[in-house]
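Student: Sending over a structure as structure tokens; questions will come in a sec.
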Amino acid sequence: MNAKAIVVTSGKGGVGKTTTTANVGAALAKQGEKVAVIDTDVGLRNLDVVMGLEGRVVYDLIDVFEGSCKLKQALIRDKRVENLHLIAASQTKDKSALSEARMQETVRMLLEDEGFDRVIIDSPAGIESGFQTAASAAEGALVVVNPEVSSVRDADRIIGLLEAREVTEVRLIVNRLRPNMVERGDMLEVDDVLEILGIKLIGIVPEDEKILVSTNLGSPASLDEDNQAGEAFRSIAKRIRGEDVPYPSLGEDKGGLFGGLRRLFGGGR
């Protein structure tokens with residue numbers, strides 16, 4: 001991807017956006033890029049917990065927007081990966097404090113003044129002000145979807161909004177895939193999801209219990225060599241950087257779900 005500012009989004013909550021942001025950001029930093037990850041989920045703030053940095057938050061994104069601190073003061077450097085930094089969301093402000101203009105200026109400063117190679121923006125769920133602010137500064141997007149009907153339908157709406165905002169590079173991550181369920185025809189197959197949504201694939205992340213463990217520990221799985229999901233996130237980071245990384249072989253769909261899904265969308269994009 002050529003995009004330097006990338007929003008991580010989805011239509012619904014609970015599909016793994018924040019985990020994806022943390023893991024892709026950490027993997028890109030481990031591969032040599034200077035990376036800033038930004039949490040825009042004002043009022044909730046989870047990215048700092050997933051990254052194990054919650055005890056070090058002094059200033060947040062809204063403090064930057066309101067001029068209560070300098071941008072450098074809000075950047076928290078990860079001690080495990082020197083060139084990985086976080087800007088946390090505010091827990092105390094509400095979404096009225098969000099500003100598309102301030103977001104665009106903050107991302108511009110990170111890329112041009114602070115020398116970051118990549119800015120990864122964790123968008124809140126839904127299509128309201130939080131998403132609009134997060135997307136306003138993005139050139140590219142990673143749309144995270146679970147291989148289930150409701151997640152795919154919500155993602156279809158988000159993709160339309162991203163296209164309307166002229167976000168030029170939109171890529172799909174299929175998260176929490178269970179190959180054994182795909183084999184039985186009980187879970188949507190990746191090709192089916194791609195046909196419906198009509199965007200390019202950049203990653204397939206299998207269901208992996210080690211993700212839950214890593215999240216609880218505040219240590220991104222992509223920093224650990226011994227798990228499938230971590231390897232998948234490292235592959236996504238490599239593809240973002242332009243490397244040609246093959247996809248793992250997964251079971252083929254035995255039928256059952258795709259016809260019903262196709263009817264919901266009228267045959268795809």
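Ligands are numbered from 1 in the order shown, chains are lettered A, B, ... in the order of the structure tokens, and residues start at 1 in each chain.
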Segment 197-212 of chain A: which residues within 9 Å, counting only C-alpha atoms, same-chain residues fewer than 5 positions away excluded, as an mmCIF file with all heavy atoms, in the first residue's frame?
Tutor:
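Everything below was put into result.cif:
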data_model
loop_
_atom_site.group_PDB
_atom_site.id
_atom_site.type_symbol
_atom_site.label_atom_id
_atom_site.label_comp_id
_atom_site.auth_asym_id
_atom_site.auth_seq_id
_atom_site.Cartn_x
_atom_site.Cartn_y
_atom_site.Cartn_z
ATOM 1 N N THR A 19 -7.479 -4.932 18.031
ATOM 2 C CA THR A 19 -6.443 -5.966 18.003
ATOM 3 C C THR A 19 -5.653 -5.890 16.701
ATOM 4 O O THR A 19 -4.428 -6.014 16.694
ATOM 5 C CB THR A 19 -7.089 -7.359 18.153
ATOM 6 O OG1 THR A 19 -7.814 -7.406 19.379
ATOM 7 C CG2 THR A 19 -6.033 -8.443 18.160
ATOM 8 N N LEU A 142 -7.992 -0.368 6.141
ATOM 9 C CA LEU A 142 -8.079 -1.807 6.351
ATOM 10 C C LEU A 142 -9.465 -2.074 6.928
ATOM 11 O O LEU A 142 -9.788 -1.613 8.023
ATOM 12 C CB LEU A 142 -6.998 -2.287 7.328
ATOM 13 C CG LEU A 142 -5.543 -2.030 6.936
ATOM 14 C CD1 LEU A 142 -4.615 -2.486 8.043
ATOM 15 C CD2 LEU A 142 -5.196 -2.725 5.617
ATOM 16 N N VAL A 152 -20.336 -8.938 7.289
ATOM 17 C CA VAL A 152 -20.114 -8.627 5.869
ATOM 18 C C VAL A 152 -21.076 -7.538 5.399
ATOM 19 O O VAL A 152 -20.684 -6.617 4.679
ATOM 20 C CB VAL A 152 -20.252 -9.900 5.016
ATOM 21 C CG1 VAL A 152 -20.197 -9.566 3.524
ATOM 22 C CG2 VAL A 152 -19.146 -10.897 5.364
ATOM 23 N N ARG A 153 -22.312 -7.613 5.832
ATOM 24 C CA ARG A 153 -23.282 -6.602 5.398
ATOM 25 C C ARG A 153 -22.892 -5.220 5.930
ATOM 26 O O ARG A 153 -22.976 -4.223 5.211
ATOM 27 C CB ARG A 153 -24.697 -6.979 5.851
ATOM 28 C CG ARG A 153 -25.728 -5.966 5.387
ATOM 29 C CD ARG A 153 -27.117 -6.508 5.241
ATOM 30 N NE ARG A 153 -27.675 -7.011 6.484
ATOM 31 C CZ ARG A 153 -28.940 -7.419 6.598
ATOM 32 N NH1 ARG A 153 -29.746 -7.387 5.550
ATOM 33 N NH2 ARG A 153 -29.400 -7.858 7.741
ATOM 34 N N ALA A 155 -19.868 -4.255 6.740
ATOM 35 C CA ALA A 155 -18.641 -3.853 6.052
ATOM 36 C C ALA A 155 -18.944 -3.269 4.680
ATOM 37 O O ALA A 155 -18.283 -2.327 4.231
ATOM 38 C CB ALA A 155 -17.696 -5.047 5.918
ATOM 39 N N ASP A 156 -19.950 -3.801 4.005
ATOM 40 C CA ASP A 156 -20.339 -3.302 2.689
ATOM 41 C C ASP A 156 -20.723 -1.823 2.770
ATOM 42 O O ASP A 156 -20.365 -1.014 1.897
ATOM 43 C CB ASP A 156 -21.513 -4.132 2.170
ATOM 44 C CG ASP A 156 -21.860 -3.812 0.727
ATOM 45 O OD1 ASP A 156 -21.001 -4.015 -0.142
ATOM 46 O OD2 ASP A 156 -22.990 -3.342 0.479
ATOM 47 N N ILE A 159 -17.527 0.333 3.326
ATOM 48 C CA ILE A 159 -16.740 0.463 2.092
ATOM 49 C C ILE A 159 -17.327 1.560 1.203
ATOM 50 O O ILE A 159 -16.598 2.367 0.623
ATOM 51 C CB ILE A 159 -16.675 -0.890 1.355
ATOM 52 C CG1 ILE A 159 -15.811 -1.872 2.159
ATOM 53 C CG2 ILE A 159 -16.100 -0.715 -0.058
ATOM 54 C CD1 ILE A 159 -15.973 -3.320 1.737
ATOM 55 N N VAL A 170 -8.374 0.678 -0.320
ATOM 56 C CA VAL A 170 -9.198 -0.018 0.672
ATOM 57 C C VAL A 170 -8.915 -1.519 0.535
ATOM 58 O O VAL A 170 -9.085 -2.092 -0.540
ATOM 59 C CB VAL A 170 -10.698 0.272 0.459
ATOM 60 C CG1 VAL A 170 -11.529 -0.448 1.523
ATOM 61 C CG2 VAL A 170 -10.965 1.780 0.507
ATOM 62 N N ARG A 171 -8.488 -2.128 1.626
ATOM 63 C CA ARG A 171 -8.104 -3.536 1.616
ATOM 64 C C ARG A 171 -8.865 -4.290 2.711
ATOM 65 O O ARG A 171 -9.203 -3.731 3.748
ATOM 66 C CB ARG A 171 -6.596 -3.697 1.839
ATOM 67 C CG ARG A 171 -5.730 -3.004 0.793
ATOM 68 C CD ARG A 171 -5.791 -3.703 -0.554
ATOM 69 N NE ARG A 171 -4.911 -3.082 -1.528
ATOM 70 C CZ ARG A 171 -5.266 -2.129 -2.376
ATOM 71 N NH1 ARG A 171 -6.529 -1.662 -2.346
ATOM 72 N NH2 ARG A 171 -4.414 -1.634 -3.246
ATOM 73 N N LEU A 172 -9.086 -5.575 2.478
ATOM 74 C CA LEU A 172 -9.900 -6.387 3.369
ATOM 75 C C LEU A 172 -9.045 -7.324 4.215
ATOM 76 O O LEU A 172 -8.126 -7.985 3.705
ATOM 77 C CB LEU A 172 -10.893 -7.220 2.551
ATOM 78 C CG LEU A 172 -11.897 -8.044 3.352
ATOM 79 C CD1 LEU A 172 -12.931 -7.134 4.003
ATOM 80 C CD2 LEU A 172 -12.583 -9.070 2.451
ATOM 81 N N ILE A 173 -9.365 -7.387 5.519
ATOM 82 C CA ILE A 173 -8.803 -8.399 6.413
ATOM 83 C C ILE A 173 -9.949 -9.273 6.900
ATOM 84 O O ILE A 173 -10.897 -8.782 7.513
ATOM 85 C CB ILE A 173 -8.087 -7.764 7.618
ATOM 86 C CG1 ILE A 173 -6.853 -6.979 7.153
ATOM 87 C CG2 ILE A 173 -7.675 -8.831 8.633
ATOM 88 C CD1 ILE A 173 -6.142 -6.225 8.265
ATOM 89 N N VAL A 174 -9.883 -10.563 6.584
ATOM 90 C CA VAL A 174 -10.860 -11.518 7.096
ATOM 91 C C VAL A 174 -10.298 -12.068 8.402
ATOM 92 O O VAL A 174 -9.277 -12.754 8.416
ATOM 93 C CB VAL A 174 -11.135 -12.643 6.086
ATOM 94 C CG1 VAL A 174 -12.138 -13.642 6.663
ATOM 95 C CG2 VAL A 174 -11.658 -12.065 4.772
ATOM 96 N N ASN A 175 -10.967 -11.745 9.502
ATOM 97 C CA ASN A 175 -10.463 -12.070 10.834
ATOM 98 C C ASN A 175 -11.279 -13.201 11.462
ATOM 99 O O ASN A 175 -12.467 -13.335 11.201
ATOM 100 C CB ASN A 175 -10.536 -10.810 11.716
ATOM 101 C CG ASN A 175 -9.771 -10.954 13.015
ATOM 102 O OD1 ASN A 175 -8.773 -11.670 13.083
ATOM 103 N ND2 ASN A 175 -10.233 -10.279 14.051
ATOM 104 N N ARG A 176 -10.604 -13.984 12.294
ATOM 105 C CA ARG A 176 -11.230 -15.079 13.047
ATOM 106 C C ARG A 176 -11.814 -16.162 12.148
ATOM 107 O O ARG A 176 -12.894 -16.694 12.394
ATOM 108 C CB ARG A 176 -12.309 -14.540 13.994
ATOM 109 C CG ARG A 176 -11.739 -13.618 15.066
ATOM 110 C CD ARG A 176 -12.838 -13.039 15.921
ATOM 111 N NE ARG A 176 -12.280 -12.101 16.897
ATOM 112 C CZ ARG A 176 -12.961 -11.113 17.451
ATOM 113 N NH1 ARG A 176 -14.225 -10.905 17.119
ATOM 114 N NH2 ARG A 176 -12.399 -10.307 18.329
ATOM 115 N N LEU A 177 -11.091 -16.481 11.098
ATOM 116 C CA LEU A 177 -11.533 -17.550 10.201
ATOM 117 C C LEU A 177 -11.245 -18.913 10.841
ATOM 118 O O LEU A 177 -10.179 -19.136 11.394
ATOM 119 C CB LEU A 177 -10.803 -17.456 8.861
ATOM 120 C CG LEU A 177 -11.304 -18.415 7.792
ATOM 121 C CD1 LEU A 177 -12.586 -17.875 7.175
ATOM 122 C CD2 LEU A 177 -10.254 -18.639 6.720
ATOM 123 N N ARG A 178 -12.227 -19.810 10.740
ATOM 124 C CA ARG A 178 -12.061 -21.182 11.238
ATOM 125 C C ARG A 178 -12.151 -22.142 10.056
ATOM 126 O O ARG A 178 -13.256 -22.464 9.585
ATOM 127 C CB ARG A 178 -13.148 -21.508 12.261
ATOM 128 C CG ARG A 178 -13.115 -20.622 13.502
ATOM 129 C CD ARG A 178 -14.145 -21.078 14.514
ATOM 130 N NE ARG A 178 -14.174 -20.202 15.662
ATOM 131 C CZ ARG A 178 -14.911 -20.421 16.754
ATOM 132 N NH1 ARG A 178 -15.679 -21.498 16.810
ATOM 133 N NH2 ARG A 178 -14.884 -19.576 17.764
ATOM 134 N N PRO A 179 -11.014 -22.607 9.550
ATOM 135 C CA PRO A 179 -11.009 -23.465 8.354
ATOM 136 C C PRO A 179 -11.885 -24.709 8.482
ATOM 137 O O PRO A 179 -12.514 -25.134 7.507
ATOM 138 C CB PRO A 179 -9.528 -23.839 8.200
ATOM 139 C CG PRO A 179 -8.792 -22.685 8.814
ATOM 140 C CD PRO A 179 -9.636 -22.275 9.983
ATOM 141 N N VAL A 190 -13.577 -17.348 2.169
ATOM 142 C CA VAL A 190 -12.945 -16.056 1.900
ATOM 143 C C VAL A 190 -13.319 -15.529 0.518
ATOM 144 O O VAL A 190 -13.638 -14.348 0.352
ATOM 145 C CB VAL A 190 -11.414 -16.149 2.054
ATOM 146 C CG1 VAL A 190 -10.750 -14.852 1.585
ATOM 147 C CG2 VAL A 190 -11.037 -16.437 3.504
ATOM 148 N N ASP A 192 -15.969 -15.978 -1.145
ATOM 149 C CA ASP A 192 -17.348 -15.495 -1.127
ATOM 150 C C ASP A 192 -17.415 -14.073 -0.578
ATOM 151 O O ASP A 192 -18.105 -13.209 -1.114
ATOM 152 C CB ASP A 192 -18.225 -16.410 -0.266
ATOM 153 C CG ASP A 192 -18.278 -17.834 -0.792
ATOM 154 O OD1 ASP A 192 -17.952 -18.027 -1.972
ATOM 155 O OD2 ASP A 192 -18.644 -18.744 -0.025
ATOM 156 N N LEU A 217 -2.560 -9.821 28.212
ATOM 157 C CA LEU A 217 -1.216 -9.509 28.699
ATOM 158 C C LEU A 217 -0.728 -8.139 28.227
ATOM 159 O O LEU A 217 0.292 -7.646 28.711
ATOM 160 C CB LEU A 217 -0.221 -10.588 28.236
ATOM 161 C CG LEU A 217 -0.386 -11.992 28.831
ATOM 162 C CD1 LEU A 217 0.575 -12.965 28.167
ATOM 163 C CD2 LEU A 217 -0.169 -11.963 30.337
ATOM 164 N N PRO A 220 1.120 -7.404 21.870
ATOM 165 C CA PRO A 220 0.617 -7.822 20.558
ATOM 166 C C PRO A 220 1.167 -9.170 20.115
ATOM 167 O O PRO A 220 2.371 -9.436 20.240
ATOM 168 C CB PRO A 220 1.090 -6.693 19.632
ATOM 169 C CG PRO A 220 1.150 -5.492 20.530
ATOM 170 C CD PRO A 220 1.634 -6.021 21.849
ATOM 171 N N ALA A 221 0.286 -10.021 19.604
ATOM 172 C CA ALA A 221 0.674 -11.369 19.187
ATOM 173 C C ALA A 221 1.686 -11.353 18.053
ATOM 174 O O ALA A 221 2.458 -12.302 17.885
ATOM 175 C CB ALA A 221 -0.571 -12.153 18.766
ATOM 176 N N ASN A 227 2.654 -18.228 17.214
ATOM 177 C CA ASN A 227 1.197 -18.304 17.089
ATOM 178 C C ASN A 227 0.781 -17.990 15.663
ATOM 179 O O ASN A 227 1.424 -17.203 14.972
ATOM 180 C CB ASN A 227 0.487 -17.381 18.094
ATOM 181 C CG ASN A 227 0.785 -15.925 17.857
ATOM 182 O OD1 ASN A 227 0.162 -15.290 17.013
ATOM 183 N ND2 ASN A 227 1.751 -15.370 18.590
ATOM 184 N N GLN A 228 -0.309 -18.616 15.232
ATOM 185 C CA GLN A 228 -0.778 -18.472 13.845
ATOM 186 C C GLN A 228 -1.252 -17.056 13.549
ATOM 187 O O GLN A 228 -0.965 -16.511 12.481
ATOM 188 C CB GLN A 228 -1.909 -19.452 13.579
ATOM 189 C CG GLN A 228 -1.495 -20.899 13.453
ATOM 190 C CD GLN A 228 -2.683 -21.767 13.081
ATOM 191 O OE1 GLN A 228 -3.707 -21.775 13.764
ATOM 192 N NE2 GLN A 228 -2.565 -22.489 11.986
ATOM 193 N N ALA A 229 -2.005 -16.474 14.477
ATOM 194 C CA ALA A 229 -2.545 -15.138 14.244
ATOM 195 C C ALA A 229 -1.418 -14.115 14.136
ATOM 196 O O ALA A 229 -1.447 -13.225 13.284
ATOM 197 C CB ALA A 229 -3.510 -14.748 15.364
ATOM 198 N N GLY A 230 -0.421 -14.233 15.003
ATOM 199 C CA GLY A 230 0.724 -13.324 14.943
ATOM 200 C C GLY A 230 1.427 -13.391 13.600
ATOM 201 O O GLY A 230 1.814 -12.370 13.025
ATOM 202 N N GLU A 231 1.592 -14.607 13.079
ATOM 203 C CA GLU A 231 2.206 -14.788 11.769
ATOM 204 C C GLU A 231 1.346 -14.139 10.680
ATOM 205 O O GLU A 231 1.870 -13.514 9.752
ATOM 206 C CB GLU A 231 2.398 -16.277 11.475
ATOM 207 C CG GLU A 231 3.002 -16.588 10.114
ATOM 208 C CD GLU A 231 4.377 -15.959 9.919
ATOM 209 O OE1 GLU A 231 5.155 -15.892 10.900
ATOM 210 O OE2 GLU A 231 4.678 -15.519 8.786
ATOM 211 N N ALA A 232 0.022 -14.272 10.808
ATOM 212 C CA ALA A 232 -0.879 -13.660 9.829
ATOM 213 C C ALA A 232 -0.747 -12.138 9.849
ATOM 214 O O ALA A 232 -0.724 -11.490 8.790
ATOM 215 C CB ALA A 232 -2.317 -14.076 10.124
ATOM 216 N N PHE A 233 -0.654 -11.544 11.040
ATOM 217 C CA PHE A 233 -0.508 -10.087 11.131
ATOM 218 C C PHE A 233 0.856 -9.635 10.586
ATOM 219 O O PHE A 233 0.953 -8.576 9.958
ATOM 220 C CB PHE A 233 -0.684 -9.621 12.575
ATOM 221 C CG PHE A 233 -2.120 -9.597 13.033
ATOM 222 C CD1 PHE A 233 -2.538 -10.350 14.133
ATOM 223 C CD2 PHE A 233 -3.065 -8.827 12.376
ATOM 224 C CE1 PHE A 233 -3.860 -10.317 14.556
ATOM 225 C CE2 PHE A 233 -4.395 -8.795 12.786
ATOM 226 C CZ PHE A 233 -4.795 -9.549 13.883
ATOM 227 N N SER A 235 2.405 -11.078 8.170
ATOM 228 C CA SER A 235 2.240 -11.162 6.711
ATOM 229 C C SER A 235 1.470 -9.953 6.174
ATOM 230 O O SER A 235 1.805 -9.418 5.106
ATOM 231 C CB SER A 235 1.512 -12.456 6.328
ATOM 232 O OG SER A 235 2.305 -13.586 6.627
ATOM 233 N N ILE A 236 0.440 -9.522 6.915
ATOM 234 C CA ILE A 236 -0.309 -8.327 6.506
ATOM 235 C C ILE A 236 0.622 -7.117 6.459
ATOM 236 O O ILE A 236 0.584 -6.328 5.502
ATOM 237 C CB ILE A 236 -1.482 -8.073 7.473
ATOM 238 C CG1 ILE A 236 -2.560 -9.150 7.296
ATOM 239 C CG2 ILE A 236 -2.095 -6.686 7.248
ATOM 240 C CD1 ILE A 236 -3.618 -9.167 8.389
ATOM 241 N N ARG A 239 2.686 -7.219 3.391
ATOM 242 C CA ARG A 239 1.925 -6.867 2.186
ATOM 243 C C ARG A 239 1.674 -5.358 2.121
ATOM 244 O O ARG A 239 1.699 -4.774 1.033
ATOM 245 C CB ARG A 239 0.597 -7.639 2.161
ATOM 246 C CG ARG A 239 0.790 -9.144 1.996
ATOM 247 C CD ARG A 239 -0.534 -9.877 1.841
ATOM 248 N NE ARG A 239 -0.327 -11.324 1.966
ATOM 249 C CZ ARG A 239 -0.699 -12.058 3.005
ATOM 250 N NH1 ARG A 239 -1.356 -11.492 4.022
ATOM 251 N NH2 ARG A 239 -0.452 -13.344 3.054
ATOM 252 N N ILE A 240 1.419 -4.734 3.268
ATOM 253 C CA ILE A 240 1.267 -3.277 3.299
ATOM 254 C C ILE A 240 2.527 -2.617 2.763
ATOM 255 O O ILE A 240 2.468 -1.607 2.048
ATOM 256 C CB ILE A 240 0.967 -2.800 4.736
ATOM 257 C CG1 ILE A 240 -0.471 -3.188 5.145
ATOM 258 C CG2 ILE A 240 1.139 -1.277 4.867
ATOM 259 C CD1 ILE A 240 -0.785 -2.935 6.606
ATOM 260 N N TYR A 247 -0.695 -16.565 0.518
ATOM 261 C CA TYR A 247 -1.703 -16.845 1.533
ATOM 262 C C TYR A 247 -1.681 -18.329 1.879
ATOM 263 O O TYR A 247 -1.363 -19.158 1.018
ATOM 264 C CB TYR A 247 -3.097 -16.451 1.029
ATOM 265 C CG TYR A 247 -3.282 -14.963 0.934
ATOM 266 C CD1 TYR A 247 -3.023 -14.275 -0.257
ATOM 267 C CD2 TYR A 247 -3.702 -14.225 2.034
ATOM 268 C CE1 TYR A 247 -3.186 -12.910 -0.336
ATOM 269 C CE2 TYR A 247 -3.869 -12.853 1.959
ATOM 270 C CZ TYR A 247 -3.602 -12.206 0.775
ATOM 271 O OH TYR A 247 -3.744 -10.848 0.695
ATOM 272 N N PRO A 248 -2.019 -18.663 3.124
ATOM 273 C CA PRO A 248 -2.072 -20.078 3.503
ATOM 274 C C PRO A 248 -3.189 -20.789 2.762
ATOM 275 O O PRO A 248 -4.188 -20.187 2.380
ATOM 276 C CB PRO A 248 -2.351 -20.039 5.015
ATOM 277 C CG PRO A 248 -3.028 -18.719 5.244
ATOM 278 C CD PRO A 248 -2.406 -17.780 4.250
ATOM 279 N N GLY A 268 -23.881 -8.803 -5.248
ATOM 280 C CA GLY A 268 -22.558 -8.226 -5.062
ATOM 281 C C GLY A 268 -22.453 -6.828 -5.635
ATOM 282 O O GLY A 268 -23.395 -6.272 -6.159
ATOM 283 N N ARG A 269 -21.212 -6.257 -5.546
ATOM 284 C CA ARG A 269 -20.981 -4.878 -5.941
ATOM 285 C C ARG A 269 -21.047 -4.697 -7.447
ATOM 286 O O ARG A 269 -20.546 -5.462 -8.196
ATOM 287 C CB ARG A 269 -19.612 -4.419 -5.461
ATOM 288 C CG ARG A 269 -19.616 -4.083 -3.982
ATOM 289 C CD ARG A 269 -18.239 -3.652 -3.547
ATOM 290 N NE ARG A 269 -18.221 -2.251 -3.204
ATOM 291 C CZ ARG A 269 -18.952 -1.693 -2.277
ATOM 292 N NH1 ARG A 269 -19.801 -2.377 -1.600
ATOM 293 N NH2 ARG A 269 -18.864 -0.424 -2.022
#
Student: Using only C-alpha atoms, which of A:Ile196, A:Ile120, A:Val107, A:Met1 sits nearest Gly25 of chain A?
Tutor: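 For Gly25 of chain A, the nearest of the given residues is A:Ile120.
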Student: Taking into account only C-alpha atoms, which residue in the set A:Ala97, A:Ala22, A:Val7, A:Ala141 is nearest to Pro124 of chain A?
Tutor: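 That would be A:Val7, the residue with the smallest distance to Pro124 of chain A.
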Student: Which of these residues is nearest to Lys72 of chain A, using only C-alpha atoms: A:Glu183, A:Glu163, A:Asp94, A:Asp60?
Tutor: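 Under the stated criterion, the closest residue is A:Asp60.
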Student: Which of segment 42-245 of chain A end up as helix (DSSP H, G or I) when DSSP is run on this backbone - answer as a PyMOL selection string?
Tutor: chain A and resi 47-50+54-56+61-66+71-74+95-97+100-113+129-136+149-164+179-184+190-197+209-217+221-223+228-240
Student: Ranking A:Gly11, A:Gly218, A:Gly242, A:Gly126 by minimum distance to Gly52 of chain A and counting only C-alpha atoms, which one comes first?
Tutor: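 Looking at the shortest contact to Gly52 of chain A, the residue is A:Gly218.
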Student: In Å, with one decimal, what is the gap from atom CA of Asp154 of chain A to atom CA of Leu194 of chain A?
Tutor: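 Atom-to-atom, atom CA of Asp154 of chain A and atom CA of Leu194 of chain A are spaced 14.0 Å apart.
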Student: In Å to one decimal, how far is atom CA of Arg77 of chain A from atom CA of Val42 of chain A?
Tutor: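 We find that atom CA of Val42 of chain A and atom CA of Arg77 of chain A lie 20.5 Å from each other.
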Student: Find the residues near Leu61 of chain A: any atom within 8 Å, counting only C-alpha atoms, skip ones fewer than 4 places away on the same chain, and give them as a list of chain:residue names.
Tutor: A:Ile38, A:Asp39, A:Thr40, A:Phe65, A:Ala74, A:Ile87, A:Ala88, A:Ala89, A:Ser90
Student: Could you state the separation of atom CA of Glu195 of chain A and atom CA of Asn146 of chain A in Å, given to one decimal place?
Tutor: 14.7 Å
